[in-house]
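K.L.:
Quick one: this structure, given as structure tokens, is what I'll be asking you about.
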Amino acid sequence: MKLLWIGYFRDTRDGDRCDEQRMACALERVGVDVSRCDAPWDDAEQRLATSSPDWVIFSKCKEFPRHRLERMRAAAPGVPFGQVLFDLMDHSDRVLPRVPWLMRSRLSWWLPVAPLFDLVFMRERGHFDRYAELGVRCAYLDQACDPEEEPVDHVSERCDIAFFGNYYPSRSSALRLLGRRHQVCVHSIYPSPWRRAGFQARPGVFGKDFAEAVASARIVYGESVTHDVEGYWSDRVYRVLGRRGFFLTRYTPGLEKAFGNREHLVWYEKDYELPGLAAQYLADPGERKRIAESGFHHVRSHHTYDVRAREMLEHLRDGGRRTG
């Protein structure tokens, strides 16, 4: 199978691979011919005319205008078009950096173009019925761990609880609760809001530095931007478990379909449960190690990008008829 993938394929911070690159490499490992068309996509139409793809795949590509997408579809009427979305679309972004009150919903630009795709791979299973009513055909495809990213075993510094991510009030509340009795270390690409809230925040870490930060934490706490949408949770679940970290997180509907509670990770549902669980596992290094080891082997067997590539390929070979 040949794919023309229009997206973003450059490495991100400190050489960390972007999700598109991880998935494209995994598809190639299972035998797919992936032709990458990187931003700013000046030659997208020419690549479509000369590469004869079986599918054209888009990433989020919010800067790619609808009228241009319509022209490409008209130029290749027999070629199906799909989209792969790793981000939560029912979410609002800042329009301008450092202006938190000026926000725009991702749905405002995505929903007008989404029905132009024959199939959209995305993670928010809880919204599939709603999107179907708007003419969008969805298939579930989650993120994963990268099998080429290895854990580290030895670190020079230890902390009780680590968190990786940007500032949100709900995250601040949970970490403030944990910080009453335990040492908390925050890593964020935007550390300033955390510092203004009174936390000792460090810059974001990637690649080997991320692996070392996971190894240095007795517990990695996880809090997604929402826990109300079935099937959507942060990719940090996979990235932390794939580095052999012990992961404690708030429950999201559907999490039990992918993981076993107290087997691969630990989740809680009520805020009052969090301090007790943290204290329990900080006091039991043997159980932490058992769960972290089990989670590591679980994601390395069932939740790698190679596994996701095979799942995606099943849908594409089925002509996009398979959904859910």
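In the structure tokens, each chain is lettered A, B, ... as it comes, each chain's residues begin at 1, and ligands are numbered from 1 in order of appearance.
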Could you make a table, as JSON lines, of the residues of segment 257-287 of chain A that have an atom within 8 Å of an atom of segment 246-250 of chain A, each with its nearest atom pair and distance in Å to one decimal, counting only C-alpha atoms, in chain and number order?

P.N.:
{"residue": "A:Leu265", "atom": "CA", "partner": "A:Phe247", "partner_atom": "CA", "distance": 5.3}
{"residue": "A:Val266", "atom": "CA", "partner": "A:Leu248", "partner_atom": "CA", "distance": 4.9}
{"residue": "A:Trp267", "atom": "CA", "partner": "A:Thr249", "partner_atom": "CA", "distance": 4.8}
{"residue": "A:Tyr268", "atom": "CA", "partner": "A:Arg250", "partner_atom": "CA", "distance": 5.1}
{"residue": "A:Glu269", "atom": "CA", "partner": "A:Arg250", "partner_atom": "CA", "distance": 6.0}
{"residue": "A:Ala278", "atom": "CA", "partner": "A:Leu248", "partner_atom": "CA", "distance": 7.9}

K.L.:
Please dump the current selection as a PDB file, in the first residue's frame; keep N, CA and C atoms.

P.N.:
ATOM      1  N   LEU A 265      -0.939   0.143  35.972  1.00  0.00           N
ATOM      2  CA  LEU A 265      -0.868   1.494  36.522  1.00  0.00           C
ATOM      3  C   LEU A 265      -1.897   1.560  37.640  1.00  0.00           C
ATOM      4  N   VAL A 266      -2.055   2.736  38.227  1.00  0.00           N
ATOM      5  CA  VAL A 266      -3.058   2.908  39.287  1.00  0.00           C
ATOM      6  C   VAL A 266      -3.887   4.139  38.959  1.00  0.00           C
ATOM      7  N   TRP A 267      -5.204   3.988  39.031  1.00  0.00           N
ATOM      8  CA  TRP A 267      -6.069   5.150  38.830  1.00  0.00           C
ATOM      9  C   TRP A 267      -6.985   5.351  40.026  1.00  0.00           C
ATOM     10  N   TYR A 268      -7.499   6.573  40.123  1.00  0.00           N
ATOM     11  CA  TYR A 268      -8.453   6.918  41.169  1.00  0.00           C
ATOM     12  C   TYR A 268      -9.603   7.667  40.520  1.00  0.00           C
ATOM     13  N   GLU A 269     -10.742   7.730  41.203  1.00  0.00           N
ATOM     14  CA  GLU A 269     -11.921   8.395  40.658  1.00  0.00           C
ATOM     15  C   GLU A 269     -12.349   9.608  41.471  1.00  0.00           C
ATOM     16  N   ALA A 278      -1.136   7.865  46.942  1.00  0.00           N
ATOM     17  CA  ALA A 278       0.259   8.295  46.815  1.00  0.00           C
ATOM     18  C   ALA A 278       1.072   7.834  48.020  1.00  0.00           C
TER      19      ALA A 278
END

K.L.:
Can you pull out every residue from segment 196-304 of chain A that DSSP, working from the backbone, puts in alpha helix (DSSP H), and format the result as number ranges by chain?

P.N.:
A: 196, 207-216, 236-241, 255-258, 273-282, 285-302

K.L.:
Which residues of segment 82-155 of chain A have any atom within 10 Å of an atom in segment 214-237 of chain A when counting only C-alpha atoms, and what is the closest pair of atoms for each, with the distance in Å to one decimal? Order the rows by chain and rising number and write it as CSV.

P.N.:
residue,atom,partner,partner_atom,distance
A:Phe86,CA,A:Asp235,CA,8.9
A:Asp87,CA,A:Ser234,CA,9.1
A:Leu88,CA,A:Tyr232,CA,7.5
A:Asp90,CA,A:Val229,CA,9.4
A:His91,CA,A:Val225,CA,8.7
A:Met122,CA,A:Tyr232,CA,9.1
A:Arg123,CA,A:Tyr232,CA,5.4
A:Glu124,CA,A:Tyr232,CA,5.0
A:Arg125,CA,A:Gly231,CA,5.2
A:Gly126,CA,A:Glu230,CA,4.4
A:His127,CA,A:Val229,CA,7.3
A:Phe128,CA,A:Glu230,CA,9.8
A:Tyr140,CA,A:Gly231,CA,8.3
A:Leu141,CA,A:Gly231,CA,9.4
A:Asp142,CA,A:Tyr232,CA,8.0
A:Gln143,CA,A:Asp235,CA,5.9
A:Ala144,CA,A:Asp235,CA,6.7
A:Cys145,CA,A:Asp235,CA,8.0
A:Pro151,CA,A:Ala215,CA,7.7
A:Val152,CA,A:Ala215,CA,6.6
A:Asp153,CA,A:Ala215,CA,6.8
A:His154,CA,A:Ala215,CA,7.4
A:Val155,CA,A:Ser216,CA,5.9

K.L.:
Which residues are close to segment 60-71 of chain A, i.e. within 12 Å by only C-alpha atoms, leaving aside same-chain residues fewer than 3 positions away? Reply as an NGL selection string.

P.N.:
:A and (5-9 or 19-20 or 37-42 or 44-45 or 48 or 56-57 or 74-77 or 81-89 or 106-117 or 120-122)

K.L.:
Near segment 180-190 of chain A, within 7 Å and counting only C-alpha atoms, which residues show up once chain neighbours fewer than 2 positions away are dropped, as a list in words?

P.N.:
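So, after excluding close chain neighbours, the residues are Cys159, Asp160, Ile161, Ala162, Phe163, Phe164, Gly165, Asn166, Arg176, Leu177, Leu178, Ser192, Pro193, Gln200, Ala201, Arg202, Pro203, Gly204 and Val205 of chain A.
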
K.L.:
Select from segment 79-275 of chain A everything DSSP, run on the backbone, classes as strand (DSSP E or B), then give the selection as a ChimeraX atom specification.

P.N.:
/A:81-84,92-94,103-105,119-122,138-140,145,159-164,184-188,201-203,217-222,247-250,261,265-268

K.L.:
Generate a file of the selected residues that holds C-alpha atoms, formatted as a PDB file, in the first residue's frame.

P.N.:
ATOM      1  CA  PHE A  81      -8.671  10.790   1.799  1.00  0.00           C
ATOM      2  CA  GLY A  82      -8.201  10.259   5.524  1.00  0.00           C
ATOM      3  CA  GLN A  83      -7.057  12.236   8.528  1.00  0.00           C
ATOM      4  CA  VAL A  84      -5.102  11.238  11.640  1.00  0.00           C
ATOM      5  CA  SER A  92      -9.879  25.357  23.014  1.00  0.00           C
ATOM      6  CA  ASP A  93      -6.437  26.783  22.198  1.00  0.00           C
ATOM      7  CA  ARG A  94      -5.009  30.200  22.848  1.00  0.00           C
ATOM      8  CA  MET A 103      -9.305  31.210  23.160  1.00  0.00           C
ATOM      9  CA  ARG A 104     -10.627  29.450  20.057  1.00  0.00           C
ATOM     10  CA  SER A 105     -12.231  26.027  19.893  1.00  0.00           C
ATOM     11  CA  LEU A 119     -12.305   8.511   7.415  1.00  0.00           C
ATOM     12  CA  VAL A 120     -10.893  10.342  10.427  1.00  0.00           C
ATOM     13  CA  PHE A 121      -8.695   8.480  12.897  1.00  0.00           C
ATOM     14  CA  MET A 122      -9.023  10.038  16.325  1.00  0.00           C
ATOM     15  CA  CYS A 138     -14.474   8.242  12.736  1.00  0.00           C
ATOM     16  CA  ALA A 139     -12.280   5.301  13.693  1.00  0.00           C
ATOM     17  CA  TYR A 140     -10.516   4.966  17.023  1.00  0.00           C
ATOM     18  CA  CYS A 145       4.864   4.183  23.114  1.00  0.00           C
ATOM     19  CA  CYS A 159      11.918  12.916  43.829  1.00  0.00           C
ATOM     20  CA  ASP A 160       8.686  11.576  45.285  1.00  0.00           C
ATOM     21  CA  ILE A 161       6.256  12.643  42.554  1.00  0.00           C
ATOM     22  CA  ALA A 162       6.866  14.059  39.075  1.00  0.00           C
ATOM     23  CA  PHE A 163       4.411  15.662  36.695  1.00  0.00           C
ATOM     24  CA  PHE A 164       4.938  16.439  33.001  1.00  0.00           C
ATOM     25  CA  VAL A 184       6.670  17.302  43.810  1.00  0.00           C
ATOM     26  CA  CYS A 185       8.677  18.127  40.689  1.00  0.00           C
ATOM     27  CA  VAL A 186       6.951  19.692  37.678  1.00  0.00           C
ATOM     28  CA  HIS A 187       8.404  19.625  34.152  1.00  0.00           C
ATOM     29  CA  SER A 188       6.726  21.885  31.597  1.00  0.00           C
ATOM     30  CA  ALA A 201       8.848  23.969  37.882  1.00  0.00           C
ATOM     31  CA  ARG A 202      11.600  22.956  35.501  1.00  0.00           C
ATOM     32  CA  PRO A 203      11.673  23.214  31.697  1.00  0.00           C
ATOM     33  CA  ALA A 217      10.476   9.817  40.200  1.00  0.00           C
ATOM     34  CA  ARG A 218       9.042   7.268  42.579  1.00  0.00           C
ATOM     35  CA  ILE A 219       5.601   8.163  41.196  1.00  0.00           C
ATOM     36  CA  VAL A 220       4.650   9.931  37.952  1.00  0.00           C
ATOM     37  CA  TYR A 221       1.279  11.623  38.319  1.00  0.00           C
ATOM     38  CA  GLY A 222      -0.949  11.974  35.251  1.00  0.00           C
ATOM     39  CA  PHE A 247       1.984   5.909  36.817  1.00  0.00           C
ATOM     40  CA  LEU A 248      -0.811   7.242  39.043  1.00  0.00           C
ATOM     41  CA  THR A 249      -3.636   8.988  37.209  1.00  0.00           C
ATOM     42  CA  ARG A 250      -7.246  10.102  37.361  1.00  0.00           C
ATOM     43  CA  ASN A 261      -5.910  -0.981  37.585  1.00  0.00           C
ATOM     44  CA  LEU A 265      -0.868   1.494  36.522  1.00  0.00           C
ATOM     45  CA  VAL A 266      -3.058   2.908  39.287  1.00  0.00           C
ATOM     46  CA  TRP A 267      -6.069   5.150  38.830  1.00  0.00           C
ATOM     47  CA  TYR A 268      -8.453   6.918  41.169  1.00  0.00           C
TER      48      TYR A 268
END

K.L.:
Find the residues near Leu316 of chain A: any atom within 10 Å, counting only C-alpha atoms, skip ones fewer than 6 places away on the same chain, and give them as a list in words.

P.N.:
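Residues meeting the cut-off are Met1, Leu3, Asp54, Trp55, Pro80, Gly82, Leu119, Arg310 and Arg322 of chain A.
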
K.L.:
If I take atom CA of Asp284 of chain A and atom CA of Thr304 of chain A, how far is one from the other in Å, to one decimal?

P.N.:
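Atom CA of Thr304 of chain A lies at a distance of 28.8 Å from atom CA of Asp284 of chain A.
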
K.L.:
Find, counting only C-alpha atoms, the residue in A:Pro191, A:Cys18, A:Lys289, A:Arg262 that gets nearest to Leu277 of chain A.

P.N.:
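So, comparing all the options, the nearest one is A:Arg262.
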